[in-house]
Amino acid sequence: MNNLEHINEELDFLESFIKGIANHFGENCETVLLDVSNPEEYGSGLIVAIENGHITGRKVGDTGTNLGLEILRGTESDGDKHNYMTQTKDGKMLRSTTMYIRDSQNVPIGCICINLDITDLVMAENTIRQFTKADEINTEVKEVFVNNVNDVLDMLIQEAQEHVGKPVAHMNKEEKMKGIQYLDKKGAFLIKKAGDTICSYFGISKYTLYNYLEKSRVE
């Protein structure tokens, strides 16, 4: 569909497509269609259609996950991820696939996500191993399901602190730059007004933030 300029051009088909996948796999399969054409407004994407949203607790109008920010920021060039494991906030284990829809310039404009709740299957892994195949699943992907993009930013800030390895109150200039560089690579600054939150967290001015970003992007 790389001749599309916006997912609305094929919205009926795309909504029917995710509904068909959900119906095929049943109520334990969440399918999601996101509009990622306006990252400055939506951050990691806006959910425009969803089936079986009870799996992650999301609905139409909610935001995408942190993975979308890395694609839109350009940190990840391909973006499509298949058959990876992740976990919801309430402990469900999901087997997931994420696929991007691109326009004629190869820019992401939409995203289809499939999240199959395999919690019960994992618990019964010894008898139904052929359904889980844990040794073949990519477990290195970290994805967080949230209801709004500010939750994604909070999660990324916590990751940045873990990346630096100490609380922000004890960070020196170089360590704060390291944390901000991490956030930049993860696409945090695509989130609307993220700069204000990040400045407040690191205890720096907007001028200092832009100075740190300029230096880190040159390296």
# chains A, B, ... in the order shown; residues from 1 in each chain; ligands from 1
$ residues_around --residues "stretch 195-203 of chain A" --least-positions-apart "2" --cutoff "8 Å" --atoms "only C-alpha atoms" --output "PyMOL selection string"
chain A and resi 157+168+176+189+193+205-206+209
$ residues_around --residues "A:Gly61" --least-positions-apart "4" --cutoff "12 Å" --atoms "only C-alpha atoms" --output "MDAnalysis selection string"
chainID A and resid 32:35 42 45:50 53 146:149
$ write_last_selection --atoms "C-alpha atoms" --output "PDB file, in the first residue's frame"
ATOM      1  CA  VAL A  32      -4.967  -2.265  16.271  1.00  0.00           C
ATOM      2  CA  LEU A  33      -4.824   0.295  13.456  1.00  0.00           C
ATOM      3  CA  LEU A  34      -2.854   3.467  14.200  1.00  0.00           C
ATOM      4  CA  ASP A  35      -2.434   6.749  12.365  1.00  0.00           C
ATOM      5  CA  TYR A  42      -0.002  12.209  18.272  1.00  0.00           C
ATOM      6  CA  GLY A  45       0.517   7.273  16.898  1.00  0.00           C
ATOM      7  CA  LEU A  46      -3.243   7.587  17.368  1.00  0.00           C
ATOM      8  CA  ILE A  47      -5.459   4.493  17.586  1.00  0.00           C
ATOM      9  CA  VAL A  48      -8.179   4.868  14.954  1.00  0.00           C
ATOM     10  CA  ALA A  49      -9.557   1.318  15.157  1.00  0.00           C
ATOM     11  CA  ILE A  50      -9.136  -1.520  17.641  1.00  0.00           C
ATOM     12  CA  GLY A  53      -9.054  -3.738  23.286  1.00  0.00           C
ATOM     13  CA  VAL A 146      -0.419   2.877  27.718  1.00  0.00           C
ATOM     14  CA  ASN A 147      -3.500   5.054  27.299  1.00  0.00           C
ATOM     15  CA  ASN A 148      -1.789   8.371  26.643  1.00  0.00           C
ATOM     16  CA  VAL A 149       1.526   9.541  25.270  1.00  0.00           C
TER      17      VAL A 149
END
$ closest_residue --among "A:Leu156, A:Leu14, A:Ser37, A:Arg217" --to "A:Asp103" --atoms "only C-alpha atoms"
A:Ser37
$ closest_residue --among "A:Thr56, A:Ser104, A:Asn211, A:Gln161" --to "A:Asn3" --atoms "only C-alpha atoms"
A:Ser104
$ atom_distance --atom1 "atom CA of A:Gly187" --atom2 "atom CA of A:Tyr84"
20.8 Å
$ select_by_dssp --residues "stretch 7-215 of chain A" --states "strand (DSSP E)" --output "count of residues only"
40
$ closest_residue --among "A:Val152, A:Ile191, A:Met171, A:Val218" --to "A:Thr65" --atoms "only C-alpha atoms"
A:Val152
$ select_by_dssp --residues "stretch 174-207 of chain A" --states "alpha helix (DSSP H)" --output "ChimeraX atom specification"
/A:174-185,194-202,206-207
$ atom_distance --atom1 "atom CA of A:Gly179" --atom2 "atom CA of A:Leu213"
10.5 Å
$ closest_residue --among "A:Val164, A:Leu4, A:Leu67, A:Ala22" --to "A:Leu116" --atoms "only C-alpha atoms"
A:Ala22
$ atom_distance --atom1 "atom CA of A:Lys185" --atom2 "atom CA of A:Ile114"
25.1 Å
$ closest_residue --among "A:Lys192, A:Lys19, A:His163, A:Arg102" --to "A:Met177" --atoms "only C-alpha atoms"
A:His163
